[in-house]
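Colleague: Pasting my_file35.txt here (compact mmCIF, C-alpha atoms):
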# COMPACT_ATOMS: atom_id res chain seq x y z
CA MET A 1 -15.26 -4.39 62.35
CA HIS A 2 -11.93 -6.18 62.79
CA THR A 3 -10.12 -2.83 62.73
CA ALA A 4 -12.54 -1.43 65.32
CA PHE A 5 -11.89 -4.39 67.61
CA PHE A 6 -8.12 -3.90 67.59
CA LEU A 7 -8.46 -0.13 68.01
CA LEU A 8 -10.74 -0.61 71.03
CA LEU A 9 -8.45 -3.28 72.47
CA GLY A 10 -5.35 -1.14 71.98
CA GLY A 11 -7.08 1.94 73.39
CA ALA A 12 -8.29 0.06 76.48
CA LEU A 13 -4.79 -1.33 77.11
CA ALA A 14 -3.19 2.12 76.71
CA ARG A 15 -5.73 3.67 79.08
CA PHE A 16 -5.05 0.99 81.68
CA LEU A 17 -1.28 1.37 81.44
CA LEU A 18 -1.52 5.16 81.74
CA ARG A 19 -3.83 5.11 84.76
CA HIS A 20 -2.54 2.02 86.56
CA PRO A 21 1.22 1.75 85.97
CA GLY A 22 3.20 -0.77 87.96
CA GLU A 23 0.28 -2.63 89.51
CA ALA A 24 0.47 -6.35 90.24
CA ARG A 25 -2.29 -7.12 87.75
CA THR A 26 -0.56 -5.22 84.90
CA PRO A 27 1.40 -8.24 83.54
CA TRP A 28 -1.82 -10.27 83.54
CA ILE A 29 -3.67 -7.51 81.68
CA ILE A 30 -0.92 -7.28 79.04
CA ALA A 31 -0.76 -11.08 78.64
CA LEU A 32 -4.52 -11.46 78.38
CA SER A 33 -4.67 -8.61 75.83
CA VAL A 34 -2.06 -10.37 73.69
CA VAL A 35 -3.92 -13.70 74.02
CA LEU A 36 -7.24 -12.05 73.08
CA ALA A 37 -5.66 -10.38 70.05
CA ALA A 38 -4.05 -13.68 68.97
CA LEU A 39 -7.33 -15.57 69.39
CA TYR A 40 -9.21 -12.94 67.40
CA VAL A 41 -6.67 -13.15 64.57
CA LEU A 42 -6.99 -16.95 64.62
CA GLY A 43 -10.75 -16.77 63.97
CA PRO A 44 -10.72 -16.37 60.14
CA ALA A 45 -8.32 -19.31 59.84
CA LEU A 46 -10.98 -21.59 61.38
CA GLY A 47 -13.35 -20.98 58.49
CA PRO A 48 -16.95 -19.78 58.46
CA GLY A 49 -19.49 -20.80 61.03
CA LEU A 50 -21.09 -23.45 58.84
CA GLY A 51 -17.89 -25.01 57.65
CA ALA A 52 -15.96 -24.54 54.42
CA GLY A 53 -18.03 -23.30 51.50
CA SER A 54 -21.10 -22.39 53.60
CA ARG A 55 -22.42 -18.96 54.39
CA THR A 56 -22.42 -17.40 57.86
CA GLY A 57 -25.05 -15.19 59.42
CA LEU A 58 -27.96 -15.07 61.82
CA GLY A 59 -29.39 -18.57 62.08
CA ALA A 60 -26.17 -20.34 61.08
CA ARG A 61 -25.06 -23.60 62.64
CA PRO A 62 -21.41 -23.34 63.65
CA THR A 63 -18.88 -26.13 63.71
CA PRO A 64 -17.58 -27.35 67.10
CA ARG A 65 -14.19 -25.83 66.36
CA ARG A 66 -15.76 -22.45 65.67
CA LEU A 67 -17.83 -22.69 68.88
CA THR A 68 -14.72 -23.47 70.90
CA TRP A 69 -12.92 -20.47 69.42
CA LEU A 70 -15.81 -18.10 70.19
CA ALA A 71 -16.06 -19.43 73.76
CA LEU A 72 -12.33 -18.82 74.33
CA VAL A 73 -12.54 -15.26 72.93
CA VAL A 74 -15.54 -14.41 75.12
CA ALA A 75 -14.00 -16.02 78.20
CA VAL A 76 -10.70 -14.13 77.84
CA TRP A 77 -12.60 -10.89 77.26
CA MET A 78 -14.74 -11.47 80.38
CA VAL A 79 -11.64 -12.02 82.50
CA LEU A 80 -10.14 -8.81 81.09
CA VAL A 81 -13.32 -6.87 81.89
CA VAL A 82 -13.35 -8.20 85.45
CA LEU A 83 -9.70 -7.18 85.90
CA ALA A 84 -9.96 -3.88 83.97
CA PRO A 85 -13.44 -2.47 83.15
CA SER A 86 -11.99 -0.22 80.43
CA PHE A 87 -11.92 -3.27 78.10
CA ALA A 88 -15.73 -3.44 78.15
CA TRP A 89 -16.35 -1.65 74.83
CA CYS A 90 -14.51 -4.37 72.92
CA ALA A 91 -17.87 -6.09 73.23
CA VAL A 92 -19.34 -4.19 70.26
CA PRO A 93 -17.25 -6.04 67.63
CA LEU A 94 -17.93 -9.23 69.56
CA PHE A 95 -21.69 -8.62 69.07
CA TYR A 96 -21.19 -9.01 65.33
CA THR A 97 -18.89 -11.97 65.79
CA GLY A 98 -21.60 -13.76 67.77
CA LEU A 99 -24.32 -12.83 65.26
CA ARG A 100 -22.22 -14.16 62.39
CA THR A 101 -21.31 -17.37 64.20
CA LEU A 102 -24.27 -18.56 66.27
CA PRO A 103 -27.91 -19.45 65.66
CA ALA A 104 -30.33 -16.59 66.27
CA ARG A 105 -31.39 -17.39 69.85
CA ALA A 106 -27.88 -18.28 70.99
CA ALA A 107 -26.53 -15.08 69.46
CA LEU A 108 -29.13 -12.96 71.30
CA VAL A 109 -28.29 -14.72 74.59
CA LEU A 110 -24.60 -14.02 74.04
CA ILE A 111 -25.30 -10.35 73.28
CA ALA A 112 -27.37 -10.06 76.47
CA VAL A 113 -24.53 -11.55 78.54
CA LEU A 114 -21.96 -9.26 76.94
CA THR A 115 -24.23 -6.27 77.54
CA VAL A 116 -24.57 -7.15 81.23
CA PHE A 117 -20.78 -7.23 81.55
CA VAL A 118 -20.51 -3.87 79.76
CA VAL A 119 -23.10 -2.29 82.09
CA GLY A 120 -21.33 -3.66 85.17
CA ALA A 121 -17.95 -2.45 83.93
CA GLN A 122 -19.25 1.06 83.20
CA LEU A 123 -20.86 1.33 86.65
CA ARG A 124 -17.57 0.23 88.25
CA LEU A 125 -15.68 2.89 86.31
CA ALA A 126 -18.20 5.59 87.28
CA GLY A 127 -18.09 4.72 90.97
CA ASN A 128 -21.75 5.63 91.50
CA PHE A 129 -25.08 4.86 89.90
CA ASP A 130 -25.76 6.60 86.59
CA PRO A 131 -29.01 5.79 84.68
CA ASN A 132 -27.30 6.70 81.42
CA LEU A 133 -24.66 4.02 81.97
CA LEU A 134 -27.43 1.53 82.63
CA LEU A 135 -29.34 2.32 79.44
CA ALA A 136 -26.59 3.17 76.92
CA PRO A 137 -25.00 -0.31 76.55
CA PRO A 138 -28.36 -2.07 75.85
CA ALA A 139 -29.20 0.68 73.34
CA VAL A 140 -25.86 0.17 71.58
CA ALA A 141 -26.42 -3.60 71.56
CA ALA A 142 -29.93 -3.14 70.12
CA VAL A 143 -28.66 -0.82 67.38
CA ALA A 144 -25.81 -3.19 66.49
CA THR A 145 -28.21 -6.15 66.32
CA ALA A 146 -30.74 -4.21 64.21
CA VAL A 147 -28.04 -3.10 61.76
CA PHE A 148 -26.79 -6.65 61.41
CA VAL A 149 -30.28 -8.09 60.88
CA HIS A 150 -31.02 -5.42 58.27
CA MET A 151 -27.77 -6.19 56.47
CA GLU A 152 -28.57 -9.91 56.53
CA ARG A 153 -32.02 -9.32 55.05
CA GLN A 154 -30.54 -7.08 52.35
CA ALA A 155 -27.94 -9.73 51.56
CA GLU A 156 -30.62 -12.42 51.42
CA ARG A 157 -32.70 -10.35 49.02
CA GLN A 158 -29.62 -9.73 46.92
CA ARG A 159 -28.85 -13.46 46.83
CA ALA A 160 -32.46 -14.14 45.79
CA LEU A 161 -32.21 -11.54 43.02
CA ILE A 162 -28.92 -13.02 41.81
CA ASP A 163 -30.47 -16.51 41.82
CA ASP A 164 -33.45 -15.20 39.85
CA LEU A 165 -31.13 -13.50 37.40
CA ARG A 166 -29.09 -16.67 36.90
CA ARG A 167 -32.26 -18.74 36.47
CA THR A 168 -33.62 -16.21 33.97
CA ARG A 169 -30.36 -16.26 32.04
CA ARG A 170 -30.44 -20.06 31.93
CA GLU A 171 -34.05 -20.01 30.72
CA LEU A 172 -33.21 -17.35 28.12
CA ALA A 173 -30.23 -19.38 26.91
CA ALA A 174 -32.44 -22.48 26.64
CA THR A 175 -35.05 -20.49 24.71
CA GLU A 176 -32.41 -19.12 22.36
CA ARG A 177 -31.09 -22.62 21.79
CA ARG A 178 -34.60 -23.87 20.99
CA GLU A 179 -35.22 -20.96 18.63
CA GLY A 180 -31.86 -21.54 16.99
CA THR A 181 -32.70 -25.21 16.54
CA LEU A 182 -36.08 -24.37 14.98
CA ALA A 183 -34.49 -21.77 12.69
CA GLU A 184 -31.84 -24.28 11.63
CA ARG A 185 -34.52 -26.89 10.93
CA GLN A 186 -36.43 -24.42 8.79
CA ARG A 187 -33.25 -23.47 6.94
CA LEU A 188 -32.41 -27.12 6.33
CA SER A 189 -35.94 -27.81 5.08
CA MET A 190 -35.58 -24.96 2.58
CA GLU A 191 -32.17 -26.23 1.51
CA ILE A 192 -33.55 -29.73 0.95
CA HIS A 193 -36.60 -28.40 -0.93
CA ASP A 194 -34.48 -26.20 -3.19
CA THR A 195 -31.93 -28.92 -3.99
CA LEU A 196 -32.79 -32.58 -3.51
CA ALA A 197 -36.57 -32.24 -3.81
CA GLN A 198 -36.33 -30.22 -7.00
CA SER A 199 -33.82 -32.63 -8.47
CA LEU A 200 -36.08 -35.60 -7.73
CA SER A 201 -39.07 -33.72 -9.17
CA SER A 202 -37.17 -33.06 -12.41
CA GLN A 203 -36.12 -36.69 -12.63
CA GLN A 204 -39.71 -37.81 -12.13
CA MET A 205 -41.03 -35.52 -14.86
CA LEU A 206 -38.31 -36.60 -17.31
CA LEU A 207 -38.79 -40.30 -16.62
CA GLN A 208 -42.56 -39.99 -16.96
CA ALA A 209 -42.09 -38.24 -20.31
CA ALA A 210 -39.65 -40.97 -21.40
CA ASP A 211 -42.13 -43.65 -20.40
CA ARG A 212 -44.87 -42.03 -22.51
CA LEU A 213 -42.59 -41.75 -25.56
CA TRP A 214 -40.74 -45.06 -25.21
CA ASP A 215 -42.72 -46.91 -27.90
CA ALA A 216 -43.66 -44.02 -30.18
CA ASP A 217 -40.36 -42.09 -30.19
CA PRO A 218 -37.49 -44.10 -28.66
CA GLU A 219 -34.87 -41.44 -29.47
CA ARG A 220 -36.70 -38.68 -27.57
CA ALA A 221 -37.38 -41.11 -24.74
CA ARG A 222 -33.67 -41.94 -24.49
CA ALA A 223 -32.86 -38.23 -24.57
CA HIS A 224 -35.18 -37.70 -21.61
CA VAL A 225 -33.48 -40.58 -19.80
CA ARG A 226 -30.05 -39.09 -20.47
CA THR A 227 -31.26 -35.72 -19.21
CA ALA A 228 -32.67 -37.41 -16.12
CA GLU A 229 -29.30 -39.08 -15.62
CA SER A 230 -27.59 -35.68 -15.86
CA VAL A 231 -30.04 -34.23 -13.35
CA THR A 232 -29.37 -37.19 -11.07
CA GLU A 233 -25.64 -36.63 -11.28
CA ARG A 234 -25.99 -32.96 -10.41
CA GLY A 235 -28.35 -33.86 -7.58
CA LEU A 236 -25.78 -36.28 -6.21
CA VAL A 237 -23.09 -33.60 -6.32
CA GLU A 238 -25.48 -31.19 -4.63
CA ALA A 239 -26.31 -33.76 -1.94
CA ARG A 240 -22.65 -34.38 -1.17
CA ARG A 241 -21.96 -30.68 -1.03
CA PHE A 242 -25.06 -30.20 1.09
CA VAL A 243 -23.82 -32.77 3.57
CA HIS A 244 -20.35 -31.23 3.57
CA ASP A 245 -21.13 -27.60 4.30
CA LEU A 246 -24.70 -26.86 3.17
CA ALA A 247 -23.43 -24.47 0.49
CA PRO A 248 -24.72 -24.61 -3.13
CA ALA A 249 -22.48 -26.79 -5.26
CA ASP A 250 -22.78 -24.39 -8.21
CA LEU A 251 -21.06 -21.66 -6.18
CA ALA A 252 -17.97 -23.80 -5.68
CA GLY A 253 -16.67 -23.11 -9.19
CA GLY A 254 -17.22 -19.34 -9.36
CA GLY A 255 -19.35 -16.42 -8.29
CA LEU A 256 -23.08 -15.90 -8.32
CA ASP A 257 -23.16 -14.70 -11.94
CA GLU A 258 -21.56 -17.89 -13.16
CA ALA A 259 -23.79 -20.04 -10.96
CA LEU A 260 -26.94 -18.35 -12.31
CA ARG A 261 -25.69 -18.71 -15.87
CA THR A 262 -25.11 -22.43 -15.26
CA LEU A 263 -28.56 -22.72 -13.69
CA ALA A 264 -30.18 -21.08 -16.73
CA ALA A 265 -28.39 -23.46 -19.09
CA ARG A 266 -29.34 -26.49 -17.00
CA GLU A 267 -33.02 -25.52 -16.79
CA SER A 268 -33.07 -24.96 -20.54
CA GLU A 269 -32.05 -28.58 -20.99
CA ALA A 270 -35.23 -29.65 -19.20
CA GLY A 271 -37.48 -28.12 -21.87
CA LEU A 272 -37.75 -24.53 -20.63
CA ALA A 273 -35.80 -21.81 -22.46
CA VAL A 274 -34.08 -19.78 -19.75
CA ARG A 275 -31.87 -16.75 -20.36
CA PHE A 276 -29.49 -15.08 -17.91
CA HIS A 277 -28.48 -11.44 -17.99
CA ALA A 278 -26.30 -9.44 -15.58
CA GLU A 279 -26.38 -5.66 -15.22
CA GLY A 280 -24.16 -3.25 -13.36
CA ALA A 281 -20.57 -3.61 -12.22
CA PRO A 282 -20.15 -7.04 -10.58
CA ALA A 283 -19.01 -6.80 -6.97
CA PRO A 284 -18.10 -9.49 -4.42
CA LEU A 285 -21.12 -10.51 -2.36
CA PRO A 286 -21.22 -12.15 1.07
CA ASP A 287 -21.40 -15.93 0.86
CA ARG A 288 -24.80 -16.17 2.50
CA VAL A 289 -26.24 -13.58 0.05
CA GLU A 290 -24.91 -15.52 -2.95
CA SER A 291 -26.21 -18.79 -1.51
CA ALA A 292 -29.65 -17.34 -0.75
CA LEU A 293 -30.06 -15.69 -4.17
CA LEU A 294 -29.07 -18.89 -5.95
CA ARG A 295 -31.57 -20.86 -3.87
CA ILE A 296 -34.26 -18.26 -4.61
CA ALA A 297 -33.56 -18.55 -8.34
CA GLN A 298 -33.71 -22.36 -8.13
CA GLY A 299 -37.00 -22.23 -6.23
CA ALA A 300 -38.53 -19.69 -8.59
CA LEU A 301 -37.57 -21.71 -11.68
CA ALA A 302 -38.92 -24.86 -10.04
CA ASN A 303 -42.27 -23.07 -9.64
CA VAL A 304 -42.13 -21.91 -13.25
CA ARG A 305 -41.41 -25.41 -14.51
CA GLU A 306 -44.03 -27.16 -12.38
CA HIS A 307 -46.88 -24.63 -12.25
CA ALA A 308 -46.54 -21.83 -14.83
CA ASP A 309 -46.69 -23.88 -18.07
CA ALA A 310 -44.18 -21.38 -19.50
CA THR A 311 -41.94 -21.74 -22.53
CA THR A 312 -39.40 -19.02 -21.72
CA ALA A 313 -37.99 -17.44 -18.58
CA ALA A 314 -35.35 -14.84 -17.84
CA ILE A 315 -33.01 -14.38 -14.88
CA THR A 316 -31.61 -10.90 -14.38
CA LEU A 317 -29.04 -10.03 -11.70
CA THR A 318 -28.52 -6.30 -11.18
CA HIS A 319 -25.70 -4.84 -9.07
CA LEU A 320 -26.65 -1.37 -7.79
CA GLY A 321 -23.79 -0.73 -5.38
CA ASP A 322 -25.80 -0.55 -2.17
CA GLN A 323 -28.03 -3.49 -3.08
CA VAL A 324 -28.35 -6.42 -5.44
CA VAL A 325 -31.58 -7.25 -7.26
CA LEU A 326 -32.59 -10.62 -8.68
CA ASP A 327 -35.48 -10.79 -11.17
CA ILE A 328 -37.07 -13.98 -12.54
CA ALA A 329 -39.67 -13.45 -15.27
CA ASP A 330 -41.67 -16.00 -17.29
CA ASN A 331 -44.39 -16.01 -19.95
CA GLY A 332 -46.52 -18.60 -18.18
CA ARG A 333 -50.17 -18.67 -17.20
CA GLY A 334 -49.69 -16.25 -14.29
CA PHE A 335 -51.76 -16.06 -11.13
CA THR A 336 -53.24 -13.64 -8.64
CA PRO A 337 -50.64 -13.02 -5.87
CA GLU A 338 -51.94 -13.47 -2.35
CA PRO A 339 -50.67 -11.62 0.76
CA PRO A 340 -48.07 -13.63 2.69
CA ARG A 341 -49.44 -15.68 5.55
CA GLU A 342 -47.99 -15.25 9.01
CA GLY A 343 -46.52 -18.33 10.69
CA GLY A 344 -46.43 -21.90 9.60
CA VAL A 345 -43.66 -21.43 7.03
CA ARG A 346 -42.14 -24.78 6.28
CA GLY A 347 -39.90 -23.77 3.38
CA HIS A 348 -41.76 -24.69 0.19
CA GLY A 349 -42.08 -22.55 -2.94
CA LEU A 350 -42.94 -18.90 -2.38
CA PRO A 351 -42.93 -19.18 1.45
CA ALA A 352 -39.30 -20.35 1.26
CA ILE A 353 -38.40 -17.44 -1.01
CA ARG A 354 -40.09 -14.99 1.37
CA ALA A 355 -38.27 -16.52 4.34
CA ARG A 356 -34.85 -16.29 2.68
CA THR A 357 -35.49 -12.69 1.62
CA ARG A 358 -36.64 -11.72 5.11
CA GLN A 359 -33.56 -13.32 6.71
CA LEU A 360 -31.34 -11.03 4.63
CA GLY A 361 -33.41 -7.91 5.36
CA GLY A 362 -34.56 -7.69 1.74
CA THR A 363 -37.88 -7.15 -0.04
CA LEU A 364 -39.82 -9.49 -2.30
CA THR A 365 -42.11 -8.20 -5.05
CA ILE A 366 -44.36 -10.41 -7.20
CA GLU A 367 -46.11 -8.99 -10.26
CA SER A 368 -48.50 -11.36 -11.97
CA ALA A 369 -52.00 -11.73 -13.36
CA PRO A 370 -53.83 -14.68 -14.94
CA GLY A 371 -52.61 -15.15 -18.51
CA GLU A 372 -49.90 -12.47 -18.30
CA GLY A 373 -46.91 -14.30 -16.87
CA THR A 374 -45.05 -13.54 -13.66
CA VAL A 375 -42.14 -11.35 -12.56
CA LEU A 376 -40.54 -12.12 -9.20
CA SER A 377 -38.10 -9.52 -7.87
CA VAL A 378 -35.86 -9.81 -4.81
CA ALA A 379 -33.86 -6.80 -3.59
CA ILE A 380 -31.17 -7.37 -0.94
CA PRO A 381 -29.49 -4.38 0.73
CA LEU A 382 -25.81 -5.12 1.07
CA GLU A 383 -25.46 -3.18 4.36
CA ALA A 384 -27.99 -5.50 6.05
CA SER A 385 -26.26 -8.60 4.80
As structure tokens, what does this structure read like?
Modeller:
Amino acid sequence: MHTAFFLLLGGALARFLLRHPGEARTPWIIALSVVLAALYVLGPALGPGLGAGSRTGLGARPTPRRLTWLALVVAVWMVLVVLAPSFAWCAVPLFYTGLRTLPARAALVLIAVLTVFVVGAQLRLAGNFDPNLLLAPPAVAAVATAVFVHMERQAERQRALIDDLRRTRRELAATERREGTLAERQRLSMEIHDTLAQSLSSQQMLLQAADRLWDADPERARAHVRTAESVTERGLVEARRFVHDLAPADLAGGGLDEALRTLAARESEAGLAVRFHAEGAPAPLPDRVESALLRIAQGALANVREHADATTAAITLTHLGDQVVLDIADNGRGFTPEPPREGGVRGHGLPAIRARTRQLGGTLTIESAPGEGTVLSVAIPLEAS
């Protein structure tokens, strides 16, 4: 629109100079054309109609400085049209300038005034009455106004869509943060259950056994106390490591094989004979896979110790290249496996094991029957980890 204004202004000036050379009004026409061009260029420097940082458009409230500028531009143009009617069509860019600067009613009044000047100028140039010259300028003004209003409505809808998109993105981000917080709470609850809670449970069982044997068999009672002290020490190390980076303390000294071997030896000290066996070529595993499998083994052995009434258990870790499989078997009383329940998982026992397996994209299989022991098998695909 700015380019169109200067083309129309330059064309009108060239037409005047070609048709009316050497007239007394020529210097005034040239001077007023230069002033109008300078004023028009000055417009963007004055800022938008609503002041810095505000949008312009139909219905805007201009600043006094912007109003003064628009009044000067229109006044200079009117003088030019009175002196040389060929400058009349510069009004079309001025239509848009008024629509972008003034409130709706004021903009329509300005367009009507400009249109009247254009009609008068065209009739002067024609020299006689022509209905087409009377109707064409109002039609052009109506089309220009309609195009501008349509563009404004489109822009308003676009702004509304952008606002909705931003609001939706903020709501989605808040939802993701809430879900992340809930997932982290669940993970922490499983970590606490598989470490501190199990350690405290072992201590309680050992101290209760020591209390029962204190008078009848002091040596065995003291042995239980020493074992409880050892469990307490490991629990303290686990708690410190848990606070530090939430990684299993047993993994700090070696890989998963060594951690499971240490776990088997430690559980054997508590009165349950646990064996560990590794199959396949050992391969480095992602940290979160090692951590999850160790926690699963700890949780499974805690269930064996507390609920199975077993005397022996076996941990088998099998490396199959594209997946790793952890099996925990016992000769306990067994049970009838129930289908997993949806929702409400708080991270205790089998629900915690299912949750950890699901997080790694693995599968959990439980084979058991009353009186026949239990075999728990977890398979983790390494690509999904």
Colleague: Figure out the distance between atom CA of A:Leu182 and atom CA of A:Gly299, please, to one decimal in Å.
Modeller: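 Separation of atom CA of A:Gly299 and atom CA of A:Leu182: 21.3 Å.
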Colleague: With all atoms listed in the file as the atoms that count, which of A:Tyr96, A:Leu17, A:Leu110, A:Pro138 lies nearest to A:Ala84?
Modeller: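 For A:Ala84, the nearest of the candidates is A:Leu17.
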Colleague: I'd like to know which of A:Leu285, A:Ala126, A:Ala221, A:Ala300 is closest to A:Gln208, using all atoms listed in the file.
Modeller: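 Under the stated criterion, the closest residue is A:Ala221.
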Colleague: Between atom CA of A:Gly334 and atom CA of A:Ser368, what is the distance, to one decimal in Å?
Modeller: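 Answer for the atom CA of A:Gly334 to atom CA of A:Ser368 separation: 5.5 Å.
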Colleague: Env of A:Trp77: 10 Å cut, atoms = only C-alpha atoms, seq-sep filter 4 positions within chain, self excluded. Answer as a ChimeraX atom specification.
Modeller: /A:9,32-33,35-36,71-73,81-83,87-88,90-91,94,114,117
Colleague: Within 12 Å of (-12.5, -18.9, 73.1), only C-alpha atoms: residues as a PyMOL selection string?
Modeller: chain A and resi 35-43+64-79+94+97-98
Colleague: Compare A:Val375, A:Val113, A:Leu80, A:Leu317 by their minimum atom-to-atom distance to A:Asp257, counting all atoms listed in the file, and give me the closest one.
Modeller: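 Using all atoms listed in the file, A:Asp257 sits closest to A:Leu317.
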Colleague: Measuring between all atoms listed in the file, which one of A:Phe16, A:Glu290, A:Ala141, A:Arg226 shows the shortest distance to A:Arg356?
Modeller: A:Glu290
Colleague: Have a look at atom CA of A:Ser377 and atom CA of A:Ile328 and let me know their distance in Å, one decimal.
Modeller: 6.5 Å
Colleague: Excluding A:Arg212 and its own-chain neighbours fewer than 5 positions away, which residues fall within 12 Å of it when counting only C-alpha atoms? Please give them as a list in words.
Modeller: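 Listing them by chain and then by number gives Met205, Leu206, Leu207, Asp217, Pro218, Arg220, Ala221, Arg222, His224 and Val225 of chain A.
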Colleague: Those residues with C-alpha atoms, as a compact mmCIF listing (two decimals), in the coordinates of the input please?
Modeller:
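In the end it all went to again-v3.txt:
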# COMPACT_ATOMS: atom_id res chain seq x y z
CA MET A 205 -41.03 -35.52 -14.86
CA LEU A 206 -38.31 -36.60 -17.31
CA LEU A 207 -38.79 -40.30 -16.62
CA ASP A 217 -40.36 -42.09 -30.19
CA PRO A 218 -37.49 -44.10 -28.66
CA ARG A 220 -36.70 -38.68 -27.57
CA ALA A 221 -37.38 -41.11 -24.74
CA ARG A 222 -33.67 -41.94 -24.49
CA HIS A 224 -35.18 -37.70 -21.61
CA VAL A 225 -33.48 -40.58 -19.80
Colleague: Write out as an MDAnalysis selection string each polymer residue whose atoms come within 9 Å of A:Gln122, counting all atoms listed in the file; drop sequence neighbours fewer than 5 positions from it.
Modeller: chainID A and resid 85:86 88 117 127 133:134 137
Colleague: Let me make sure I understand: among A:Arg305, A:Thr374, A:Leu18, A:Thr101, which one has the smallest atom-to-atom distance to A:Pro44 if we use all atoms listed in the file?
Modeller: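 Counting all atoms listed in the file, the residue closest to A:Pro44 is A:Thr101.
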Colleague: So, counting all atoms listed in the file, which residue among A:Arg61, A:Met151, A:Val304, A:Ala216 is closest to A:Ala106?
Modeller: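 Of the candidates, the smallest distance to A:Ala106 is held by A:Arg61.
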Colleague: Can I get stretch 121-126 of chain A with all heavy atoms filled in, as a compact mmCIF listing (two decimals), in the frame of the given file?
Modeller:
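That gives us result_6.txt:
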# COMPACT_ATOMS: atom_id res chain seq x y z
N ALA A 121 -19.26 -3.09 84.03
CA ALA A 121 -17.95 -2.45 83.93
C ALA A 121 -18.07 -0.93 83.95
O ALA A 121 -17.28 -0.23 84.61
CB ALA A 121 -17.24 -2.90 82.65
N GLN A 122 -19.08 -0.40 83.24
CA GLN A 122 -19.25 1.06 83.20
C GLN A 122 -19.65 1.61 84.57
O GLN A 122 -19.19 2.70 84.98
CB GLN A 122 -20.30 1.43 82.15
CG GLN A 122 -19.89 1.11 80.72
CD GLN A 122 -18.59 1.80 80.34
OE1 GLN A 122 -18.44 3.02 80.46
NE2 GLN A 122 -17.63 1.00 79.89
N LEU A 123 -20.47 0.88 85.30
CA LEU A 123 -20.86 1.33 86.65
C LEU A 123 -19.66 1.29 87.59
O LEU A 123 -19.51 2.17 88.46
CB LEU A 123 -22.00 0.46 87.17
CG LEU A 123 -23.35 0.63 86.45
CD1 LEU A 123 -24.37 -0.37 86.98
CD2 LEU A 123 -23.87 2.07 86.61
N ARG A 124 -18.79 0.29 87.42
CA ARG A 124 -17.57 0.23 88.25
C ARG A 124 -16.66 1.42 87.96
O ARG A 124 -16.08 2.01 88.88
CB ARG A 124 -16.82 -1.07 87.99
CG ARG A 124 -17.44 -2.29 88.66
CD ARG A 124 -16.68 -3.55 88.25
NE ARG A 124 -15.25 -3.43 88.60
CZ ARG A 124 -14.32 -4.26 88.13
NH1 ARG A 124 -14.67 -5.25 87.30
NH2 ARG A 124 -13.07 -4.11 88.50
N LEU A 125 -16.53 1.75 86.67
CA LEU A 125 -15.68 2.89 86.31
C LEU A 125 -16.26 4.20 86.84
O LEU A 125 -15.51 5.10 87.26
CB LEU A 125 -15.51 2.97 84.79
CG LEU A 125 -14.61 1.91 84.14
CD1 LEU A 125 -14.65 2.03 82.63
CD2 LEU A 125 -13.17 2.06 84.63
N ALA A 126 -17.58 4.34 86.83
CA ALA A 126 -18.20 5.59 87.28
C ALA A 126 -18.13 5.74 88.79
O ALA A 126 -18.08 6.86 89.31
CB ALA A 126 -19.65 5.65 86.81
